[in-house]
$ cat upload.tsv   # TSV, C-alpha atoms and all ligand atoms
chain	number	residue	atom	x	y	z
R	4	MET	CA	0.00	0.00	0.00
R	5	SER	CA	1.52	3.29	-0.99
R	6	VAL	CA	0.64	6.72	0.28
R	7	ALA	CA	3.63	8.42	-1.23
R	8	GLY	CA	3.94	11.77	-2.99
R	9	GLY	CA	6.91	13.71	-4.44
R	10	PRO	CA	10.34	13.88	-2.85
R	11	GLY	CA	10.13	14.37	0.87
R	12	VAL	CA	12.20	15.21	3.90
R	13	ILE	CA	11.31	11.75	5.19
R	14	GLU	CA	10.52	8.92	2.82
R	15	LEU	CA	9.54	5.35	3.62
R	16	GLU	CA	9.47	2.97	0.69
R	17	ASP	CA	7.99	-0.54	0.94
R	18	VAL	CA	8.93	-0.67	4.58
R	19	SER	CA	8.27	-3.64	6.84
R	20	TYR	CA	8.86	-3.87	10.55
R	21	SER	CA	8.85	-6.71	13.04
R	22	TYR	CA	9.89	-6.67	16.70
R	23	GLY	CA	10.84	-10.33	16.34
R	24	GLY	CA	7.43	-11.97	16.10
R	25	GLY	CA	5.14	-11.45	13.11
R	26	GLU	CA	5.37	-8.38	10.93
R	27	LEU	CA	3.64	-5.37	12.41
R	28	PHE	CA	3.31	-3.91	8.94
R	29	SER	CA	4.78	-4.59	5.54
R	30	ASN	CA	5.29	-2.82	2.19
R	31	LEU	CA	4.27	0.46	3.61
R	32	SER	CA	5.23	3.73	1.92
R	33	LEU	CA	4.95	7.26	3.22
R	34	THR	CA	6.36	10.62	2.19
R	35	LEU	CA	6.56	13.63	4.43
R	36	ALA	CA	6.97	16.54	2.04
R	37	PRO	CA	8.76	19.74	3.08
R	38	GLY	CA	6.31	22.08	4.80
R	39	SER	CA	3.49	19.52	4.87
R	40	PHE	CA	1.19	18.68	7.78
R	41	GLN	CA	0.18	15.05	8.20
R	42	PHE	CA	-1.72	13.09	10.78
R	43	LEU	CA	-1.25	9.43	11.46
R	44	THR	CA	-4.19	7.74	13.09
R	45	GLY	CA	-5.39	4.21	13.74
R	46	PRO	CA	-6.33	1.84	16.55
R	47	SER	CA	-4.19	1.42	19.64
R	48	GLY	CA	-1.31	-1.02	19.19
R	49	VAL	CA	-1.45	-0.92	15.39
R	50	GLY	CA	2.09	0.47	15.13
R	51	LYS	CA	1.85	4.27	14.99
R	52	THR	CA	4.69	4.85	17.45
R	53	THR	CA	6.78	2.24	15.64
R	54	LEU	CA	6.18	3.98	12.33
R	55	LEU	CA	7.18	7.33	13.83
R	56	LYS	CA	10.35	5.76	15.24
R	57	LEU	CA	11.25	4.59	11.73
R	58	CYS	CA	10.66	8.14	10.51
R	59	TYR	CA	13.15	9.64	12.96
R	60	GLY	CA	15.76	6.90	12.69
R	61	ASP	CA	15.19	5.41	16.14
R	62	LEU	CA	14.39	2.04	14.57
R	63	ILE	CA	15.75	0.55	11.37
R	64	ALA	CA	13.23	-1.07	9.03
R	65	THR	CA	13.28	-4.87	8.78
R	66	SER	CA	13.06	-4.42	5.02
R	67	GLY	CA	12.44	-1.59	2.59
R	68	ARG	CA	14.03	1.82	2.48
R	69	VAL	CA	13.88	4.81	4.79
R	70	LYS	CA	15.35	8.04	3.52
R	71	LEU	CA	15.99	10.90	5.92
R	72	PHE	CA	16.66	14.15	4.04
R	73	GLY	CA	17.51	12.16	0.94
R	74	THR	CA	19.92	9.76	2.63
R	75	ASP	CA	19.23	6.07	3.05
R	76	ALA	CA	19.11	5.47	6.84
R	77	ARG	CA	20.67	2.04	6.38
R	78	LYS	CA	23.67	3.42	4.51
R	79	VAL	CA	24.77	5.98	7.05
R	80	ASP	CA	26.63	5.34	10.29
R	81	ARG	CA	25.46	6.39	13.74
R	82	ASP	CA	26.91	9.88	13.25
R	83	GLY	CA	24.93	10.25	10.03
R	84	ILE	CA	21.72	9.25	11.81
R	85	ALA	CA	22.58	11.64	14.66
R	86	LEU	CA	23.04	14.43	12.12
R	87	ALA	CA	19.66	13.74	10.54
R	88	ARG	CA	18.09	13.49	13.99
R	89	ARG	CA	19.22	17.05	14.74
R	90	ARG	CA	16.89	18.19	11.99
R	91	ILE	CA	13.91	16.39	13.51
R	92	GLY	CA	12.24	17.57	16.72
R	93	VAL	CA	10.40	14.74	18.46
R	94	VAL	CA	7.64	15.08	21.03
R	95	HIS	CA	7.48	11.65	22.64
R	96	GLN	CA	4.26	10.09	23.88
R	97	ASP	CA	5.44	9.95	27.50
R	98	CYS	CA	7.31	13.31	27.34
R	99	GLN	CA	9.86	12.47	30.02
R	100	PHE	CA	12.07	15.08	31.64
R	101	LEU	CA	14.96	15.10	34.04
R	102	ASP	CA	12.94	15.65	37.18
R	103	HIS	CA	15.76	17.23	39.19
R	104	LEU	CA	16.36	19.97	36.62
R	105	PRO	CA	14.17	23.09	36.37
R	106	LEU	CA	11.92	23.44	33.36
R	107	ALA	CA	14.15	25.98	31.56
R	108	GLU	CA	17.16	23.67	31.78
R	109	ASN	CA	15.14	20.72	30.56
R	110	ILE	CA	13.97	22.64	27.51
R	111	ALA	CA	17.48	23.91	26.77
R	112	LEU	CA	19.01	20.45	27.20
R	113	PRO	CA	19.18	19.43	23.49
R	114	LEU	CA	21.34	22.51	22.84
R	115	THR	CA	23.40	22.46	26.03
R	116	VAL	CA	24.41	18.81	25.58
R	117	ALA	CA	25.50	19.73	22.06
R	118	GLY	CA	27.69	22.51	23.51
R	119	ARG	CA	25.44	25.21	22.06
R	120	GLN	CA	24.96	27.08	25.36
R	121	ALA	CA	24.93	30.57	23.82
R	122	GLU	CA	22.24	29.56	21.33
R	123	ALA	CA	20.21	28.06	24.18
R	124	GLU	CA	20.38	31.30	26.16
R	125	GLN	CA	19.43	33.29	23.09
R	126	ASN	CA	16.40	31.17	22.15
R	127	LEU	CA	15.02	30.08	25.47
R	128	GLY	CA	13.17	33.23	26.55
R	129	GLU	CA	11.23	33.61	23.33
R	130	LEU	CA	10.45	29.91	23.20
R	131	LEU	CA	9.13	29.84	26.76
R	132	THR	CA	6.88	32.80	26.00
R	133	TRP	CA	5.68	31.12	22.83
R	134	VAL	CA	4.52	28.01	24.71
R	135	GLY	CA	3.15	30.13	27.60
R	136	LEU	CA	5.54	28.84	30.24
R	137	SER	CA	7.71	31.90	30.87
R	138	HIS	CA	6.40	32.20	34.45
R	139	GLN	CA	7.35	28.61	35.24
R	140	VAL	CA	11.02	28.50	34.28
R	141	ASP	CA	12.15	27.42	37.75
R	142	GLN	CA	9.51	24.73	38.31
R	143	LEU	CA	10.61	21.12	38.41
R	144	PRO	CA	8.86	18.87	35.86
R	145	PRO	CA	6.85	16.92	38.49
R	146	GLN	CA	5.28	20.23	39.53
R	147	LEU	CA	3.79	20.83	36.08
R	148	SER	CA	0.34	19.90	34.79
R	149	GLY	CA	-0.12	17.49	31.89
R	150	GLY	CA	-0.74	20.32	29.43
R	151	GLU	CA	2.27	22.25	30.66
R	152	ARG	CA	4.45	19.16	30.26
R	153	GLN	CA	3.20	18.70	26.70
R	154	ARG	CA	3.98	22.31	25.83
R	155	ALA	CA	7.39	21.99	27.48
R	156	ALA	CA	8.05	18.85	25.43
R	157	LEU	CA	7.14	20.75	22.27
R	158	ALA	CA	9.46	23.63	23.23
R	159	ARG	CA	12.28	21.13	23.85
R	160	ALA	CA	11.68	19.60	20.43
R	161	VAL	CA	11.68	23.01	18.74
R	162	ILE	CA	14.71	24.59	20.43
R	163	VAL	CA	17.13	22.96	17.97
R	164	SER	CA	15.27	24.69	15.07
R	165	PRO	CA	14.39	21.41	13.34
R	166	ASP	CA	13.00	21.16	9.81
R	167	VAL	CA	10.54	18.48	10.91
R	168	ILE	CA	8.39	18.06	14.01
R	169	ILE	CA	7.18	14.57	14.87
R	170	ALA	CA	4.69	14.38	17.72
R	171	ASP	CA	3.34	11.15	19.20
R	172	GLU	CA	-0.08	11.67	20.81
R	173	PRO	CA	0.80	15.23	21.87
R	174	THR	CA	-2.68	15.75	23.29
R	175	GLY	CA	-2.96	12.33	24.95
R	176	ASN	CA	-3.87	13.28	28.50
R	177	ILE	CA	-4.97	16.87	28.26
R	178	ASP	CA	-8.32	18.61	28.02
R	179	TRP	CA	-9.84	19.98	24.85
R	180	GLU	CA	-8.88	23.59	25.44
R	181	MET	CA	-5.24	22.65	26.02
R	182	SER	CA	-5.33	20.33	22.99
R	183	GLN	CA	-6.46	23.29	20.90
R	184	ARG	CA	-3.61	25.38	22.25
R	185	LEU	CA	-1.09	22.71	21.33
R	186	LEU	CA	-2.62	22.33	17.92
R	187	ARG	CA	-2.27	26.07	17.32
R	188	LEU	CA	1.43	25.82	18.19
R	189	LEU	CA	1.89	22.96	15.74
R	190	VAL	CA	0.02	24.89	13.04
R	191	GLU	CA	2.23	27.92	13.68
R	192	LEU	CA	5.34	25.77	13.29
R	193	ASN	CA	3.96	24.46	10.03
R	194	ARG	CA	3.31	28.03	8.83
R	195	MET	CA	6.97	28.74	9.54
R	196	GLY	CA	7.73	26.07	6.96
R	197	LYS	CA	8.33	23.03	9.12
R	198	ALA	CA	6.97	19.65	8.11
R	199	VAL	CA	4.74	18.26	10.86
R	200	LEU	CA	3.74	14.65	11.48
R	201	VAL	CA	1.35	13.95	14.36
R	202	ALA	CA	0.14	10.55	15.56
R	203	THR	CA	-3.19	10.82	17.33
R	204	HIS	CA	-6.31	8.88	18.23
R	205	ASP	CA	-8.18	12.12	18.53
R	206	LEU	CA	-10.38	12.55	15.47
R	207	ASN	CA	-11.81	15.77	16.90
R	208	LEU	CA	-8.31	17.20	16.95
R	209	ILE	CA	-7.85	16.24	13.30
R	210	ARG	CA	-11.18	17.85	12.40
R	211	ALA	CA	-10.18	21.02	14.25
R	212	ALA	CA	-6.83	21.06	12.46
R	213	LYS	CA	-8.46	20.72	9.06
R	214	ALA	CA	-10.20	24.04	9.65
R	215	GLN	CA	-6.83	25.72	10.24
R	216	VAL	CA	-4.33	24.07	7.97
R	217	GLN	CA	-4.17	21.99	4.84
R	218	SER	CA	-3.39	18.56	6.18
R	219	ARG	CA	-3.37	14.95	5.13
R	220	VAL	CA	-4.63	12.10	7.27
R	221	LEU	CA	-3.15	8.62	7.06
R	222	ARG	CA	-4.81	5.71	8.79
R	223	LEU	CA	-2.79	2.67	9.83
R	224	LYS	CA	-4.95	-0.40	10.24
R	225	GLY	CA	-4.26	-4.11	9.90
R	226	GLY	CA	-0.70	-3.43	8.71
R	227	ARG	CA	-1.88	-1.14	5.88
R	228	LEU	CA	-1.59	2.59	5.51
R	229	GLN	CA	-4.41	4.41	3.79
R	230	ALA	CA	-5.25	8.01	3.12
R	231	ALA	CA	-8.36	8.81	5.16
R	232	GLY	CA	-11.12	10.52	3.25
R	233	ALA	CA	-13.87	12.89	4.25
R	234	ASP	CA	-15.31	10.14	6.51
R	235	LEU	CA	-13.45	11.38	9.56
J	301	LIG	N1	10.08	-2.71	21.93
J	301	LIG	C1	9.09	-3.55	21.60
J	301	LIG	N2	9.27	-4.88	21.58
J	301	LIG	C2	8.28	-5.72	21.22
J	301	LIG	N3	7.06	-5.32	20.84
J	301	LIG	C3	6.81	-4.01	20.84
J	301	LIG	C4	7.80	-3.05	21.22
J	301	LIG	N4	7.27	-1.81	21.11
J	301	LIG	C5	6.00	-1.99	20.69
J	301	LIG	N5	5.73	-3.29	20.53
J	301	LIG	C6	4.45	-3.86	20.07
J	301	LIG	O1	4.21	-3.43	18.76
J	301	LIG	C7	2.83	-3.10	18.57
J	301	LIG	C8	2.68	-1.69	18.09
J	301	LIG	O2	3.09	-0.79	19.10
J	301	LIG	P1	3.05	0.78	18.88
J	301	LIG	O3	3.45	1.41	20.16
J	301	LIG	O4	3.84	1.12	17.66
J	301	LIG	O5	1.50	1.00	18.58
J	301	LIG	P2	0.62	2.34	18.60
J	301	LIG	O6	-0.28	2.27	17.42
J	301	LIG	O7	1.51	3.52	18.71
J	301	LIG	O8	-0.21	2.16	19.94
J	301	LIG	P3	-0.89	3.29	20.88
J	301	LIG	O9	-1.87	4.02	20.03
J	301	LIG	O10	-1.56	2.47	21.95
J	301	LIG	O11	0.22	4.14	21.40
J	301	LIG	C9	2.15	-3.37	19.92
J	301	LIG	O12	1.56	-4.65	19.87
J	301	LIG	C10	3.29	-3.33	20.90
J	301	LIG	O13	3.04	-4.18	21.99
$ encode --input "upload.tsv" --output "structure tokens"
Amino acid sequence: MSVAGGPGVIELEDVSYSYGGGELFSNLSLTLAPGSFQFLTGPSGVGKTTLLKLCYGDLIATSGRVKLFGTDARKVDRDGIALARRRIGVVHQDCQFLDHLPLAENIALPLTVAGRQAEAEQNLGELLTWVGLSHQVDQLPPQLSGGERQRAALARAVIVSPDVIIADEPTGNIDWEMSQRLLRLLVELNRMGKAVLVATHDLNLIRAAKAQVQSRVLRLKGGRLQAAGADL
């Protein structure tokens, strides 16, 4: 099943993946075009997180080809994958933080560990304001609400100025109003030219997004990937 388009920043071609048992999915193709906005939906356990991990080079496909920014993920070494990963901001499903570090340091971490301290200092203030957390810079992660953690996770993903944002259930445990706020942030990032890929169960979120941004919806079900139609 192919849901491919033109050349993309991330391209999966006839990809299969197995954790060791049966194949979770096979011969699946997907293209994330520059500046595009795509949703990935489908039942729980169908493989959405796995598919996202293939897209950001965290897993290597059992067969088929994954290209990150035009380079075959299988043909580059760990440094090559790390380089590509710097261009992809990931918001993980569980959005974990280092609980002993204040929020600001957690968000700056991707830059500080890369020795880009000055850049971190330069970007942090604006970023914290953008996600509405500038009054909580000194809070420890366990002191934050679910919605605040999600926004902090998005800020941490964005601080490296990635070309692509991949978010796994970014509105998983938060109320509708906060989901809308997160969606607006993702739409803004897309308007800045970043490609956005969001896995979500939340069809209402997808419907709300469609009113704000031109987006494509892919549904993973039974090992197949299909473009969802107007039946959402
Ligand atoms: N590291 C792993 N080792 C073995 N099996 C795994 C591993 N990670 C995930 N799985 C299995 O692969 C399947 C797909 O998991 P995945 O997390 O990709 O699904 P999902 O669609 O994202 O689910 P959800 O919507 O509930 O988050 C599940 O059956 C899961 O148990």
$ atom_distance --input "upload.tsv" --atom1 "CA of Thr115 in chain R" --atom2 "CA of Val134 in chain R"
19.7 Å
$ closest_residue --input "upload.tsv" --among "R:Leu223, R:Ala85, R:Ile169, R:Leu186" --to "ligand LIG 301 (chain J)" --atoms "all atoms listed in the file"
R:Leu223
$ closest_residue --input "upload.tsv" --among "R:Thr203, R:Asp102, R:Leu208, R:Ile63" --to "Arg184 in chain R" --atoms "all atoms listed in the file"
R:Leu208
$ residues_near_ligand --input "upload.tsv" --ligand "ligand LIG 301 (chain J)" --cutoff "9 Å" --atoms "only C-alpha atoms and all ligand atoms" --output "count of residues only"
26
$ closest_residue --input "upload.tsv" --among "R:Ala36, R:Val163, R:Asn176, R:Leu15" --to "Val116 in chain R" --atoms "all atoms listed in the file"
R:Val163
$ closest_residue --input "upload.tsv" --among "R:Lys197, R:Arg152, R:Lys70, R:Arg227" --to "Phe28 in chain R" --atoms "all atoms listed in the file"
R:Arg227
$ closest_residue --input "upload.tsv" --among "R:Val93, R:Leu104, R:Val18, R:Leu112" --to "Gly67 in chain R" --atoms "only C-alpha atoms"
R:Val18
$ atom_distance --input "upload.tsv" --atom1 "CA of Val167 in chain R" --atom2 "CA of Val199 in chain R"
5.8 Å
$ residues_around --input "upload.tsv" --residues "Leu33 in chain R" --least-positions-apart "2" --cutoff "12 Å" --atoms "only C-alpha atoms" --output "compact mmCIF listing (two decimals) with C-alpha atoms, keeping the file's coordinate frame"
# COMPACT_ATOMS: atom_id res chain seq x y z
CA MET R 4 0.00 0.00 0.00
CA SER R 5 1.52 3.29 -0.99
CA VAL R 6 0.64 6.72 0.28
CA ALA R 7 3.63 8.42 -1.23
CA GLY R 8 3.94 11.77 -2.99
CA GLY R 9 6.91 13.71 -4.44
CA PRO R 10 10.34 13.88 -2.85
CA GLY R 11 10.13 14.37 0.87
CA VAL R 12 12.20 15.21 3.90
CA ILE R 13 11.31 11.75 5.19
CA GLU R 14 10.52 8.92 2.82
CA LEU R 15 9.54 5.35 3.62
CA GLU R 16 9.47 2.97 0.69
CA ASP R 17 7.99 -0.54 0.94
CA VAL R 18 8.93 -0.67 4.58
CA SER R 19 8.27 -3.64 6.84
CA ASN R 30 5.29 -2.82 2.19
CA LEU R 31 4.27 0.46 3.61
CA LEU R 35 6.56 13.63 4.43
CA ALA R 36 6.97 16.54 2.04
CA GLN R 41 0.18 15.05 8.20
CA PHE R 42 -1.72 13.09 10.78
CA LEU R 43 -1.25 9.43 11.46
CA LEU R 54 6.18 3.98 12.33
CA LEU R 55 7.18 7.33 13.83
CA LEU R 57 11.25 4.59 11.73
CA CYS R 58 10.66 8.14 10.51
CA GLY R 67 12.44 -1.59 2.59
CA ARG R 68 14.03 1.82 2.48
CA VAL R 69 13.88 4.81 4.79
CA LYS R 70 15.35 8.04 3.52
CA LEU R 71 15.99 10.90 5.92
CA LEU R 200 3.74 14.65 11.48
CA ARG R 219 -3.37 14.95 5.13
CA VAL R 220 -4.63 12.10 7.27
CA LEU R 221 -3.15 8.62 7.06
CA ARG R 222 -4.81 5.71 8.79
CA LEU R 223 -2.79 2.67 9.83
CA ARG R 227 -1.88 -1.14 5.88
CA LEU R 228 -1.59 2.59 5.51
CA GLN R 229 -4.41 4.41 3.79
CA ALA R 230 -5.25 8.01 3.12
$ residues_around --input "upload.tsv" --residues "Asp141 in chain R" --least-positions-apart "5" --cutoff "7 Å" --atoms "only C-alpha atoms" --output "PyMOL selection string"
chain R and resi 105-107
$ residues_around --input "upload.tsv" --residues "Arg154 in chain R" --least-positions-apart "3" --cutoff "9 Å" --atoms "only C-alpha atoms" --output "PyMOL selection string"
chain R and resi 134-136+149-151+157-159+173+184-185+188
$ build_atoms --input "upload.tsv" --residues "range 97-110 of chain R" --atoms "N, CA and C atoms" --output "PDB file, in the frame of the given file"
ATOM      1  N   ASP R  97       5.384   9.855  26.030  1.00  0.00           N
ATOM      2  CA  ASP R  97       5.440   9.950  27.500  1.00  0.00           C
ATOM      3  C   ASP R  97       6.095  11.249  27.981  1.00  0.00           C
ATOM      4  N   CYS R  98       6.561  12.063  27.078  1.00  0.00           N
ATOM      5  CA  CYS R  98       7.310  13.310  27.340  1.00  0.00           C
ATOM      6  C   CYS R  98       8.034  13.322  28.691  1.00  0.00           C
ATOM      7  N   GLN R  99       9.083  12.536  28.776  1.00  0.00           N
ATOM      8  CA  GLN R  99       9.860  12.470  30.020  1.00  0.00           C
ATOM      9  C   GLN R  99      10.862  13.625  30.122  1.00  0.00           C
ATOM     10  N   PHE R 100      11.094  14.015  31.372  1.00  0.00           N
ATOM     11  CA  PHE R 100      12.070  15.080  31.640  1.00  0.00           C
ATOM     12  C   PHE R 100      13.033  14.605  32.705  1.00  0.00           C
ATOM     13  N   LEU R 101      14.083  15.365  32.901  1.00  0.00           N
ATOM     14  CA  LEU R 101      14.960  15.100  34.040  1.00  0.00           C
ATOM     15  C   LEU R 101      14.343  15.846  35.219  1.00  0.00           C
ATOM     16  N   ASP R 102      13.783  15.070  36.139  1.00  0.00           N
ATOM     17  CA  ASP R 102      12.940  15.650  37.180  1.00  0.00           C
ATOM     18  C   ASP R 102      13.683  16.546  38.173  1.00  0.00           C
ATOM     19  N   HIS R 103      15.013  16.402  38.232  1.00  0.00           N
ATOM     20  CA  HIS R 103      15.760  17.230  39.190  1.00  0.00           C
ATOM     21  C   HIS R 103      16.202  18.553  38.575  1.00  0.00           C
ATOM     22  N   LEU R 104      15.956  18.713  37.281  1.00  0.00           N
ATOM     23  CA  LEU R 104      16.360  19.970  36.620  1.00  0.00           C
ATOM     24  C   LEU R 104      15.142  20.865  36.396  1.00  0.00           C
ATOM     25  N   PRO R 105      15.285  22.180  36.633  1.00  0.00           N
ATOM     26  CA  PRO R 105      14.170  23.090  36.370  1.00  0.00           C
ATOM     27  C   PRO R 105      13.744  23.048  34.898  1.00  0.00           C
ATOM     28  N   LEU R 106      12.515  23.478  34.694  1.00  0.00           N
ATOM     29  CA  LEU R 106      11.920  23.440  33.360  1.00  0.00           C
ATOM     30  C   LEU R 106      12.821  24.064  32.276  1.00  0.00           C
ATOM     31  N   ALA R 107      13.349  25.272  32.565  1.00  0.00           N
ATOM     32  CA  ALA R 107      14.150  25.980  31.560  1.00  0.00           C
ATOM     33  C   ALA R 107      15.351  25.127  31.140  1.00  0.00           C
ATOM     34  N   GLU R 108      15.987  24.493  32.113  1.00  0.00           N
ATOM     35  CA  GLU R 108      17.160  23.670  31.780  1.00  0.00           C
ATOM     36  C   GLU R 108      16.775  22.438  30.989  1.00  0.00           C
ATOM     37  N   ASN R 109      15.618  21.875  31.313  1.00  0.00           N
ATOM     38  CA  ASN R 109      15.140  20.720  30.560  1.00  0.00           C
ATOM     39  C   ASN R 109      14.897  21.082  29.093  1.00  0.00           C
ATOM     40  N   ILE R 110      14.282  22.229  28.887  1.00  0.00           N
ATOM     41  CA  ILE R 110      13.970  22.640  27.510  1.00  0.00           C
ATOM     42  C   ILE R 110      15.252  22.940  26.738  1.00  0.00           C
TER      43      ILE R 110
END
